[in-house]
Amino acid sequence: MAKRTRAVRWGVPVAAVAVVAAAVGTGPVIAAVRSDPSLPDRTAEQLLADVARTWQNGRMPQMSGTIVETASLGLPALPGLSGLSGPGGPSGASPASLLSGSHQLKIWYAGEDRFRLMLPGEMSETDLVADGGTVWLWDSAANKATRLTVPAAPEGGHGGGHGGGHGGAFPMRPGAASPFASPFATPEQAARQALQAAGTDTAISVGDVVTVAGRAAYQIVLTPKSADSLIKDVRVALDGEKLMPLRVQVYAKGAAEPVFEVGFESLSFTAPAPENFSFTPPPGAKVEQGTATPPQDHRPEALAEAHDRGRVVGSGWDSVLVTSLPDVPAQDVPAQQQDGKGRDGMDVTALLDGLKGAATPVSGEWGSGRLLRTKVVSILVTDDGRLLAGAVAPEALYRAAGVKG
């Protein structure tokens with residue numbers, strides 16, 4: 001039976017916050033913060049406990065600001081990525097576009113169900129506006145406004161906010177994904193992923209006090225112990241007063257500047273004006289009804305689909321994703337995908353051809369294929385139809401390629 005197109009995704013392995021706390025007591029090296037008159041001394045263990053409490057209470061302070069994401073991953077220009085966008089996502093909000101250069105996200109936050117996110121484009125903007133009872137998604141490039149219905153939280157779930165468990169406004173919590181398919185990660189989301197992924201294979205220390213968006217901040221530094229990791233360290237800046245993440249930086253080995261950074265450029269903890277949460281579709285705009293995507297999808301079929309994307313060899317910083325290359329016979333592809341594009345608008349065939357063209361021929365006991373290495377990721381496409389990727393040295397990919405599964 002022909003295989004279906006599989007989405008190839010890379011990510012950091014995520015564990016529970018408790019794993020981080022346990023790791024502090026057993027594995028990682030803990031160092032005290034250097035003295036600085038602007039902030040009281042805190043150890044790494046204390047800061048981890050502080051941020052865990054902040055996340056557990058589920059509250060973010062009222063604020064407004066501008067988040068800037070900057071990436072320089074060293075990826076070559078690959079065909080097939082130009083049309084990539086999240087399903088149901090705003091026009092121009094391409095994950096591929098966030099792999100290089102700088103991008104902004106503006107935020108106004110007054111509560112779980114009163115917030116506004118604005119993703120500006122070159123000649124357009126996308127806004128997500130929640131006013132306590134209604135959620136709007138505005139895409140100026142498409143001149144389209146979508147009034148979103150938020151699914152009720154499952155029985156016993158954490159709907160939160162005034163709409164929790166009853167539909168209504170989307171509850172925006174620390175670290176939660178936004179209810180539209182934006183590829184932009186906030187400092188909160190990036191910090192949560194980094195800290196939850198840290199385990200006994202990570203040395204955790206505290207760096208110098210830094211200034212982010214005009215505010216003094218502690219730095220938690222996560223350093224992989226593995227020699228195979230391409231990542232030198234991950235630095236999480238926490239606001240000295242609010243103890244919320246202000247910035248996350250990823251440094252590659254041998255790099256003086258971060259290869260990835262997301263953080264606040266400006267930030268105010270003054271309550272935003274009410275008019276920031278008011279939205280009326282402009283005259284002539286197309287108005288639609290839609291459903292907000294839950295931040296986490298635990299449906300059995302969704303989990304089965306995620307499992308089908310591939311398997312992981314290794315753990316922690318040494319994790320390598322192993323997946324089969326998509327085999328897309330015309331008779332097995334839905335009509336809307338017979339143009340050679342995947343579900344996310346990505347031209348899978350062109351992407352793979354471009355990937356192979358940019359890679360270097362390699363071979364070994366594991367077989368043969370083509371290798372693409374960047375500052376923070378290595379990708380191996382084998383001649384027997386597999387794709388392996390990880391933030392590791394090529395040798396780790398070769399070992400994973402030799403593991404049959």
# chains A, B, ... in the order shown; residues from 1 in each chain; ligands from 1
call {"tool": "residues_around", "arguments": {"residues": "A:Val392", "least_positions_apart": "2", "cutoff": "9 Å", "atoms": "only C-alpha atoms", "output": "list of chain:residue names"}}
result
A:Ala227, A:Asp228, A:Ser229, A:Leu230, A:Ile231, A:Trp317, A:Asp318, A:Ser319, A:Val320, A:Val376, A:Val377, A:Ser378, A:Ala389, A:Gly390, A:Pro394, A:Glu395, A:Ala396, A:Leu397
call {"tool": "write_last_selection", "arguments": {"atoms": "C-alpha atoms", "output": "JSON list (two decimals), in the first residue's frame"}}
result
[["chain", "number", "residue", "atom", "x", "y", "z"],
["A", 227, "ALA", "CA", 30.35, 16.29, 22.73],
["A", 228, "ASP", "CA", 28.04, 15.50, 19.79],
["A", 229, "SER", "CA", 25.78, 18.51, 20.35],
["A", 230, "LEU", "CA", 26.24, 21.43, 17.96],
["A", 231, "ILE", "CA", 24.76, 23.75, 20.58],
["A", 317, "TRP", "CA", 20.61, 17.00, 23.16],
["A", 318, "ASP", "CA", 21.66, 13.90, 21.18],
["A", 319, "SER", "CA", 18.16, 13.17, 19.87],
["A", 320, "VAL", "CA", 18.00, 12.32, 16.17],
["A", 376, "VAL", "CA", 23.02, 24.03, 14.65],
["A", 377, "VAL", "CA", 21.53, 21.16, 12.68],
["A", 378, "SER", "CA", 22.75, 18.24, 10.60],
["A", 389, "ALA", "CA", 17.99, 15.28, 11.46],
["A", 390, "GLY", "CA", 19.27, 16.60, 14.76],
["A", 394, "PRO", "CA", 27.26, 14.17, 11.54],
["A", 395, "GLU", "CA", 28.80, 11.21, 13.40],
["A", 396, "ALA", "CA", 25.69, 11.01, 15.58],
["A", 397, "LEU", "CA", 23.52, 10.83, 12.45]]
call {"tool": "closest_residue", "arguments": {"among": "A:Pro120, A:Gly367, A:Gly263, A:Gly199", "to": "A:Ala217", "atoms": "only C-alpha atoms"}}
result
A:Gly263
call {"tool": "residues_around", "arguments": {"residues": "A:Leu388", "least_positions_apart": "5", "cutoff": "7 Å", "atoms": "only C-alpha atoms", "output": "list of chain:residue names"}}
result
A:Val320, A:Leu321, A:Val322, A:Thr323, A:Ile379, A:Leu380, A:Val381, A:Leu397
call {"tool": "write_last_selection", "arguments": {"atoms": "C-alpha atoms", "output": "mmCIF file, in the first residue's frame"}}
result
data_model
loop_
_atom_site.group_PDB
_atom_site.id
_atom_site.type_symbol
_atom_site.label_atom_id
_atom_site.label_comp_id
_atom_site.auth_asym_id
_atom_site.auth_seq_id
_atom_site.Cartn_x
_atom_site.Cartn_y
_atom_site.Cartn_z
ATOM 1 C CA VAL A 320 17.996 12.325 16.173
ATOM 2 C CA LEU A 321 14.708 12.253 14.286
ATOM 3 C CA VAL A 322 14.507 9.381 11.807
ATOM 4 C CA THR A 323 11.686 9.391 9.283
ATOM 5 C CA ILE A 379 20.500 16.543 8.037
ATOM 6 C CA LEU A 380 21.211 13.199 6.385
ATOM 7 C CA VAL A 381 19.209 11.918 3.416
ATOM 8 C CA LEU A 397 23.519 10.827 12.452
#
call {"tool": "residues_around", "arguments": {"residues": "stretch 210-212 of chain A", "least_positions_apart": "5", "cutoff": "9 Å", "atoms": "only C-alpha atoms", "output": "list in words"}}
result
Ala217, Tyr218, Gln219, Ala237, Asp239, Leu246, Arg247, Gly263, Phe264, Glu265, Ser266 and Leu267 of chain A
call {"tool": "atom_distance", "arguments": {"atom1": "atom CA of A:Pro282", "atom2": "atom CA of A:Asp139"}}
result
11.3 Å
call {"tool": "residues_around", "arguments": {"residues": "A:Leu238", "least_positions_apart": "2", "cutoff": "12 Å", "atoms": "only C-alpha atoms", "output": "PyMOL selection string"}}
result
chain A and resi 39+42+44+47-48+50-52+54+187-188+191-192+206-213+215-221+235-236+240-248+263-264
call {"tool": "write_last_selection", "arguments": {"atoms": "C-alpha atoms", "output": "mmCIF file, in the first residue's frame"}}
result
data_model
loop_
_atom_site.group_PDB
_atom_site.id
_atom_site.type_symbol
_atom_site.label_atom_id
_atom_site.label_comp_id
_atom_site.auth_asym_id
_atom_site.auth_seq_id
_atom_site.Cartn_x
_atom_site.Cartn_y
_atom_site.Cartn_z
ATOM 1 C CA LEU A 39 19.619 42.239 41.564
ATOM 2 C CA ARG A 42 20.081 33.818 43.257
ATOM 3 C CA ALA A 44 20.209 28.344 39.528
ATOM 4 C CA LEU A 47 15.646 30.607 39.798
ATOM 5 C CA LEU A 48 14.302 27.326 38.425
ATOM 6 C CA ASP A 50 10.904 30.706 40.873
ATOM 7 C CA VAL A 51 10.005 30.236 37.219
ATOM 8 C CA ALA A 52 8.253 26.928 37.954
ATOM 9 C CA THR A 54 5.312 31.455 37.976
ATOM 10 C CA PRO A 187 10.118 34.129 24.956
ATOM 11 C CA GLU A 188 7.731 32.340 27.339
ATOM 12 C CA ALA A 191 11.976 29.254 27.619
ATOM 13 C CA ARG A 192 9.457 26.612 28.638
ATOM 14 C CA VAL A 206 23.668 31.337 36.176
ATOM 15 C CA GLY A 207 25.324 33.910 33.951
ATOM 16 C CA ASP A 208 25.851 37.630 34.352
ATOM 17 C CA VAL A 209 22.908 39.883 35.062
ATOM 18 C CA VAL A 210 21.847 41.446 31.756
ATOM 19 C CA THR A 211 19.505 44.192 30.615
ATOM 20 C CA VAL A 212 16.623 43.203 28.315
ATOM 21 C CA ALA A 213 14.112 45.805 27.143
ATOM 22 C CA ARG A 215 14.908 45.683 32.638
ATOM 23 C CA ALA A 216 17.514 43.897 34.767
ATOM 24 C CA ALA A 217 17.346 40.156 34.233
ATOM 25 C CA TYR A 218 18.931 36.996 35.575
ATOM 26 C CA GLN A 219 20.345 34.498 33.080
ATOM 27 C CA ILE A 220 19.940 30.740 33.356
ATOM 28 C CA VAL A 221 22.534 29.062 31.140
ATOM 29 C CA ARG A 235 20.585 31.350 27.722
ATOM 30 C CA VAL A 236 17.235 32.177 29.304
ATOM 31 C CA GLY A 240 14.473 40.286 37.983
ATOM 32 C CA GLU A 241 11.131 41.428 39.429
ATOM 33 C CA LYS A 242 8.421 39.459 37.608
ATOM 34 C CA LEU A 243 10.566 36.319 37.061
ATOM 35 C CA MET A 244 9.037 35.806 33.621
ATOM 36 C CA PRO A 245 11.203 34.977 30.580
ATOM 37 C CA LEU A 246 12.271 38.074 28.658
ATOM 38 C CA ARG A 247 14.648 36.495 26.156
ATOM 39 C CA VAL A 248 16.010 33.155 24.956
ATOM 40 C CA GLY A 263 13.138 38.411 23.236
ATOM 41 C CA PHE A 264 11.404 41.624 24.189
#
call {"tool": "residues_around", "arguments": {"residues": "A:Ala359", "least_positions_apart": "4", "cutoff": "8 Å", "atoms": "only C-alpha atoms", "output": "list in words"}}
result
Leu355, Arg370, Leu371, Leu372 and Arg373 of chain A
call {"tool": "residues_around", "arguments": {"residues": "stretch 283-292 of chain A", "least_positions_apart": "3", "cutoff": "7 Å", "atoms": "only C-alpha atoms", "output": "ChimeraX atom specification"}}
result
/A:143-150,179-180
